[in-house]
>>> print(open('protein_23.cif').read())   # mmCIF, N, CA, C and O atoms
data_structure
loop_
_atom_site.label_atom_id
_atom_site.label_comp_id
_atom_site.auth_asym_id
_atom_site.auth_seq_id
_atom_site.Cartn_x
_atom_site.Cartn_y
_atom_site.Cartn_z
N MET A 117 0.85 -1.17 0.00
CA MET A 117 0.00 0.00 0.00
C MET A 117 0.89 1.23 0.00
O MET A 117 1.85 1.30 0.76
N PRO A 118 0.57 2.22 -0.85
CA PRO A 118 1.42 3.41 -0.90
C PRO A 118 1.29 4.25 0.36
O PRO A 118 0.27 4.21 1.04
N PRO A 119 2.33 5.00 0.69
CA PRO A 119 2.26 5.87 1.87
C PRO A 119 1.15 6.90 1.72
O PRO A 119 0.75 7.26 0.62
N ILE A 120 0.67 7.42 2.84
CA ILE A 120 -0.37 8.45 2.83
C ILE A 120 0.17 9.68 2.12
O ILE A 120 1.30 10.09 2.33
N GLY A 121 -0.65 10.28 1.26
CA GLY A 121 -0.23 11.45 0.53
C GLY A 121 0.34 11.14 -0.85
O GLY A 121 0.55 12.02 -1.65
N LYS A 122 0.60 9.90 -1.14
CA LYS A 122 1.11 9.49 -2.45
C LYS A 122 -0.05 8.95 -3.28
O LYS A 122 -1.03 8.43 -2.75
N LYS A 123 0.06 9.05 -4.59
CA LYS A 123 -0.98 8.52 -5.46
C LYS A 123 -0.85 7.00 -5.52
O LYS A 123 0.25 6.46 -5.50
N ALA A 124 -1.99 6.32 -5.60
CA ALA A 124 -1.98 4.87 -5.73
C ALA A 124 -1.48 4.49 -7.12
O ALA A 124 -1.77 5.17 -8.10
N VAL A 125 -0.74 3.43 -7.21
CA VAL A 125 -0.22 2.94 -8.48
C VAL A 125 -1.37 2.27 -9.23
O VAL A 125 -2.10 1.47 -8.67
N MET A 126 -1.53 2.62 -10.49
CA MET A 126 -2.57 1.97 -11.30
C MET A 126 -2.27 0.47 -11.35
O MET A 126 -1.13 0.06 -11.51
N GLY A 127 -3.29 -0.32 -11.20
CA GLY A 127 -3.11 -1.76 -11.23
C GLY A 127 -2.87 -2.36 -9.85
O GLY A 127 -2.73 -3.55 -9.72
N ALA A 128 -2.82 -1.51 -8.80
CA ALA A 128 -2.67 -2.04 -7.44
C ALA A 128 -3.91 -2.86 -7.10
O ALA A 128 -5.02 -2.47 -7.42
N HIS A 129 -3.71 -3.99 -6.49
CA HIS A 129 -4.83 -4.89 -6.20
C HIS A 129 -5.63 -4.39 -5.01
O HIS A 129 -5.08 -3.97 -4.00
N VAL A 130 -6.94 -4.46 -5.14
CA VAL A 130 -7.87 -4.17 -4.04
C VAL A 130 -8.69 -5.43 -3.84
O VAL A 130 -9.28 -5.95 -4.79
N HIS A 131 -8.72 -5.95 -2.61
CA HIS A 131 -9.50 -7.15 -2.34
C HIS A 131 -10.98 -6.87 -2.49
O HIS A 131 -11.49 -5.87 -2.00
N VAL A 132 -11.66 -7.76 -3.19
CA VAL A 132 -13.11 -7.71 -3.33
C VAL A 132 -13.65 -8.99 -2.70
O VAL A 132 -13.35 -10.08 -3.18
N ARG A 133 -14.40 -8.84 -1.62
CA ARG A 133 -14.92 -10.02 -0.93
C ARG A 133 -16.19 -10.52 -1.61
O ARG A 133 -17.20 -9.85 -1.63
N VAL A 134 -16.10 -11.71 -2.19
CA VAL A 134 -17.22 -12.34 -2.87
C VAL A 134 -17.77 -13.41 -1.93
O VAL A 134 -17.03 -14.28 -1.46
N HIS A 135 -19.07 -13.33 -1.67
CA HIS A 135 -19.70 -14.30 -0.76
C HIS A 135 -19.65 -15.68 -1.39
O HIS A 135 -20.09 -15.89 -2.51
N GLN A 136 -19.08 -16.62 -0.65
CA GLN A 136 -18.89 -17.98 -1.17
C GLN A 136 -19.95 -18.93 -0.63
O GLN A 136 -20.30 -19.90 -1.27
N GLY A 137 -20.45 -18.69 0.58
CA GLY A 137 -21.47 -19.57 1.13
C GLY A 137 -21.60 -19.42 2.63
O GLY A 137 -20.85 -18.67 3.27
N MET A 138 -22.57 -20.13 3.19
CA MET A 138 -22.84 -20.12 4.63
C MET A 138 -22.97 -21.55 5.10
O MET A 138 -23.29 -22.44 4.33
N GLY A 139 -22.76 -21.75 6.40
CA GLY A 139 -22.90 -23.07 6.98
C GLY A 139 -22.98 -22.97 8.48
O GLY A 139 -22.96 -21.89 9.06
N VAL A 140 -23.09 -24.11 9.12
CA VAL A 140 -23.14 -24.19 10.57
C VAL A 140 -21.98 -25.07 11.03
O VAL A 140 -21.80 -26.18 10.52
N SER A 141 -21.20 -24.56 11.98
CA SER A 141 -20.04 -25.31 12.47
C SER A 141 -20.50 -26.40 13.43
O SER A 141 -21.66 -26.43 13.85
N ALA A 142 -19.57 -27.29 13.80
CA ALA A 142 -19.87 -28.35 14.75
C ALA A 142 -20.27 -27.78 16.11
O ALA A 142 -21.02 -28.39 16.86
N ALA A 143 -19.81 -26.55 16.41
CA ALA A 143 -20.14 -25.89 17.67
C ALA A 143 -21.47 -25.16 17.60
O ALA A 143 -21.90 -24.55 18.58
N GLY A 144 -22.13 -25.19 16.43
CA GLY A 144 -23.42 -24.54 16.28
C GLY A 144 -23.35 -23.07 15.89
O GLY A 144 -24.34 -22.37 15.96
N GLU A 145 -22.19 -22.62 15.45
CA GLU A 145 -22.05 -21.23 15.03
C GLU A 145 -22.41 -21.09 13.55
O GLU A 145 -22.16 -22.00 12.76
N LEU A 146 -23.01 -19.95 13.19
CA LEU A 146 -23.26 -19.64 11.80
C LEU A 146 -21.95 -19.15 11.20
O LEU A 146 -21.30 -18.27 11.77
N VAL A 147 -21.53 -19.70 10.07
CA VAL A 147 -20.24 -19.37 9.47
C VAL A 147 -20.45 -18.90 8.03
O VAL A 147 -21.13 -19.57 7.25
N GLU A 148 -19.89 -17.72 7.70
CA GLU A 148 -19.94 -17.20 6.35
C GLU A 148 -18.54 -17.29 5.75
O GLU A 148 -17.56 -17.01 6.42
N HIS A 149 -18.45 -17.66 4.47
CA HIS A 149 -17.18 -17.78 3.78
C HIS A 149 -17.14 -16.79 2.62
O HIS A 149 -18.11 -16.66 1.87
N TYR A 150 -16.01 -16.08 2.49
CA TYR A 150 -15.80 -15.12 1.40
C TYR A 150 -14.46 -15.42 0.75
O TYR A 150 -13.57 -15.99 1.37
N HIS A 151 -14.31 -15.01 -0.51
CA HIS A 151 -13.02 -15.15 -1.20
C HIS A 151 -12.82 -13.99 -2.16
O HIS A 151 -13.76 -13.30 -2.51
N CYS A 152 -11.58 -13.79 -2.56
CA CYS A 152 -11.20 -12.78 -3.54
C CYS A 152 -10.61 -13.53 -4.74
O CYS A 152 -10.08 -14.64 -4.58
N ARG A 153 -10.67 -12.93 -5.91
CA ARG A 153 -10.13 -13.60 -7.11
C ARG A 153 -8.64 -13.86 -7.02
O ARG A 153 -8.11 -14.71 -7.72
N CYS A 154 -7.94 -13.16 -6.10
CA CYS A 154 -6.49 -13.37 -5.96
C CYS A 154 -6.18 -14.61 -5.12
O CYS A 154 -5.04 -15.02 -5.03
N GLY A 155 -7.22 -15.20 -4.50
CA GLY A 155 -7.01 -16.39 -3.68
C GLY A 155 -7.14 -16.15 -2.19
O GLY A 155 -7.16 -17.10 -1.42
N ALA A 156 -7.21 -14.89 -1.76
CA ALA A 156 -7.39 -14.59 -0.33
C ALA A 156 -8.78 -15.05 0.11
O ALA A 156 -9.73 -15.00 -0.67
N THR A 157 -8.88 -15.54 1.34
CA THR A 157 -10.16 -16.00 1.87
C THR A 157 -10.41 -15.39 3.24
O THR A 157 -9.47 -15.03 3.96
N TRP A 158 -11.68 -15.28 3.61
CA TRP A 158 -12.09 -14.78 4.92
C TRP A 158 -13.21 -15.66 5.43
O TRP A 158 -14.01 -16.19 4.66
N THR A 159 -13.27 -15.82 6.74
CA THR A 159 -14.34 -16.56 7.39
C THR A 159 -14.86 -15.71 8.53
O THR A 159 -14.07 -15.19 9.32
N LYS A 160 -16.17 -15.56 8.61
CA LYS A 160 -16.79 -14.79 9.68
C LYS A 160 -17.79 -15.70 10.37
O LYS A 160 -18.59 -16.37 9.71
N SER A 161 -17.73 -15.76 11.71
CA SER A 161 -18.65 -16.64 12.42
C SER A 161 -19.46 -15.86 13.45
O SER A 161 -19.01 -14.84 13.97
N TYR A 162 -20.66 -16.33 13.69
CA TYR A 162 -21.59 -15.72 14.63
C TYR A 162 -22.03 -16.77 15.63
O TYR A 162 -22.41 -17.88 15.25
N ARG A 163 -21.99 -16.42 16.91
CA ARG A 163 -22.48 -17.34 17.93
C ARG A 163 -24.00 -17.29 17.94
O ARG A 163 -24.61 -16.25 17.74
N THR A 164 -24.61 -18.41 18.16
CA THR A 164 -26.06 -18.47 18.26
C THR A 164 -26.46 -18.80 19.69
O THR A 164 -25.69 -19.40 20.43
N GLU A 165 -27.64 -18.40 20.07
CA GLU A 165 -28.12 -18.69 21.41
C GLU A 165 -28.54 -20.14 21.50
O GLU A 165 -28.94 -20.76 20.51
N ASP A 166 -28.47 -20.70 22.71
CA ASP A 166 -28.93 -22.06 22.93
C ASP A 166 -30.45 -22.06 22.97
O ASP A 166 -31.08 -21.09 23.33
N GLY A 167 -31.04 -23.18 22.66
CA GLY A 167 -32.50 -23.32 22.73
C GLY A 167 -33.12 -23.39 21.36
O GLY A 167 -32.50 -23.17 20.34
N ASP A 168 -34.39 -23.74 21.34
CA ASP A 168 -35.14 -23.85 20.10
C ASP A 168 -35.62 -22.48 19.64
O ASP A 168 -35.82 -21.57 20.44
N ALA A 169 -35.84 -22.36 18.36
CA ALA A 169 -36.29 -21.08 17.81
C ALA A 169 -37.62 -20.65 18.43
O ALA A 169 -37.87 -19.48 18.61
N GLU A 170 -38.47 -21.61 18.76
CA GLU A 170 -39.77 -21.28 19.34
C GLU A 170 -39.63 -20.63 20.71
O GLU A 170 -40.52 -19.92 21.14
N GLU A 171 -38.53 -20.86 21.39
CA GLU A 171 -38.34 -20.32 22.73
C GLU A 171 -37.88 -18.86 22.70
O GLU A 171 -37.99 -18.17 23.69
N ARG A 172 -37.38 -18.40 21.57
CA ARG A 172 -36.93 -17.01 21.44
C ARG A 172 -38.09 -16.16 21.00
O ARG A 172 -38.75 -16.45 20.02
N ARG A 173 -38.33 -15.10 21.72
CA ARG A 173 -39.46 -14.24 21.39
C ARG A 173 -38.97 -12.84 21.09
O ARG A 173 -38.02 -12.37 21.68
N ASP A 174 -39.70 -12.16 20.23
CA ASP A 174 -39.40 -10.77 19.92
C ASP A 174 -39.89 -9.93 21.08
O ASP A 174 -41.06 -9.99 21.45
N PRO A 175 -39.02 -9.13 21.70
CA PRO A 175 -39.43 -8.32 22.85
C PRO A 175 -40.51 -7.30 22.50
O PRO A 175 -41.23 -6.83 23.38
N ARG A 176 -40.66 -6.97 21.22
CA ARG A 176 -41.69 -6.03 20.82
C ARG A 176 -43.05 -6.68 20.73
O ARG A 176 -44.06 -6.00 20.60
N ALA A 177 -43.12 -8.00 20.75
CA ALA A 177 -44.40 -8.72 20.58
C ALA A 177 -45.22 -8.71 21.85
O ALA A 177 -44.78 -8.61 22.92
#
>>> encode(input="protein_23.cif", output="structure tokens")
Amino acid sequence: MPPIGKKAVMGAHVHVRVHQGMGVSAAGELVEHYHCRCGATWTKSYRTEDGDAEERRDPRA
């Protein structure tokens, strides 16, 4: 990456995160997978609450 105040070089690579898919881990976390055309990959996971969906209620209801 060029220093601050310098112009970026044309053709410098910028990562573009393309959504690759979603899944559930063995621990029950929701996992999203992303990749870039250069081969870089990212994984983002979200913890889920324990219990059945029916047990979770919207507080506004």
>>> residues_around(input="protein_23.cif", residues="A:Gly155", least_positions_apart="5", cutoff="12 Å", atoms="only C-alpha atoms", output="NGL selection string")
:A and (129 or 131-134 or 150)
>>> residues_around(input="protein_23.cif", residues="A:Gly137", least_positions_apart="4", cutoff="5 Å", atoms="only N, CA, C and O atoms", output="PDB file with N, CA, C and O atoms, in the frame of the given file")
ATOM      1  N   VAL A 147     -21.530 -19.700  10.070  1.00  0.00           N
ATOM      2  CA  VAL A 147     -20.240 -19.370   9.470  1.00  0.00           C
ATOM      3  C   VAL A 147     -20.450 -18.900   8.030  1.00  0.00           C
ATOM      4  O   VAL A 147     -21.130 -19.570   7.250  1.00  0.00           O
ATOM      5  N   GLU A 148     -19.890 -17.720   7.700  1.00  0.00           N
ATOM      6  CA  GLU A 148     -19.940 -17.200   6.350  1.00  0.00           C
ATOM      7  C   GLU A 148     -18.540 -17.290   5.750  1.00  0.00           C
ATOM      8  O   GLU A 148     -17.560 -17.010   6.420  1.00  0.00           O
ATOM      9  N   HIS A 149     -18.450 -17.660   4.470  1.00  0.00           N
ATOM     10  CA  HIS A 149     -17.180 -17.780   3.780  1.00  0.00           C
ATOM     11  C   HIS A 149     -17.140 -16.790   2.620  1.00  0.00           C
ATOM     12  O   HIS A 149     -18.110 -16.660   1.870  1.00  0.00           O
TER      13      HIS A 149
END
>>> atom_distance(input="protein_23.cif", atom1="atom O of A:Trp158", atom2="atom O of A:Ala128")
20.4 Å
>>> atom_distance(input="protein_23.cif", atom1="atom N of A:Val130", atom2="atom CA of A:Leu146")
28.0 Å
>>> axis_aligned_box(input="protein_23.cif", around="stretch 153-165 of chain A", padding_each_side="3 Å", output="JSON")
{"center_x": -17.0, "center_y": -16.8, "center_z": 6.9, "size_x": 29.9, "size_y": 13.8, "size_z": 35.2}
>>> atom_distance(input="protein_23.cif", atom1="atom CA of A:Gly127", atom2="atom C of A:Ala156")
18.4 Å
>>> resolve_selection(input="protein_23.cif", expression="the PyMOL selection byres ((chain A and resi 143) around 8)", output="NGL selection string")
:A and (140-142 or 144-146 or 162-164)
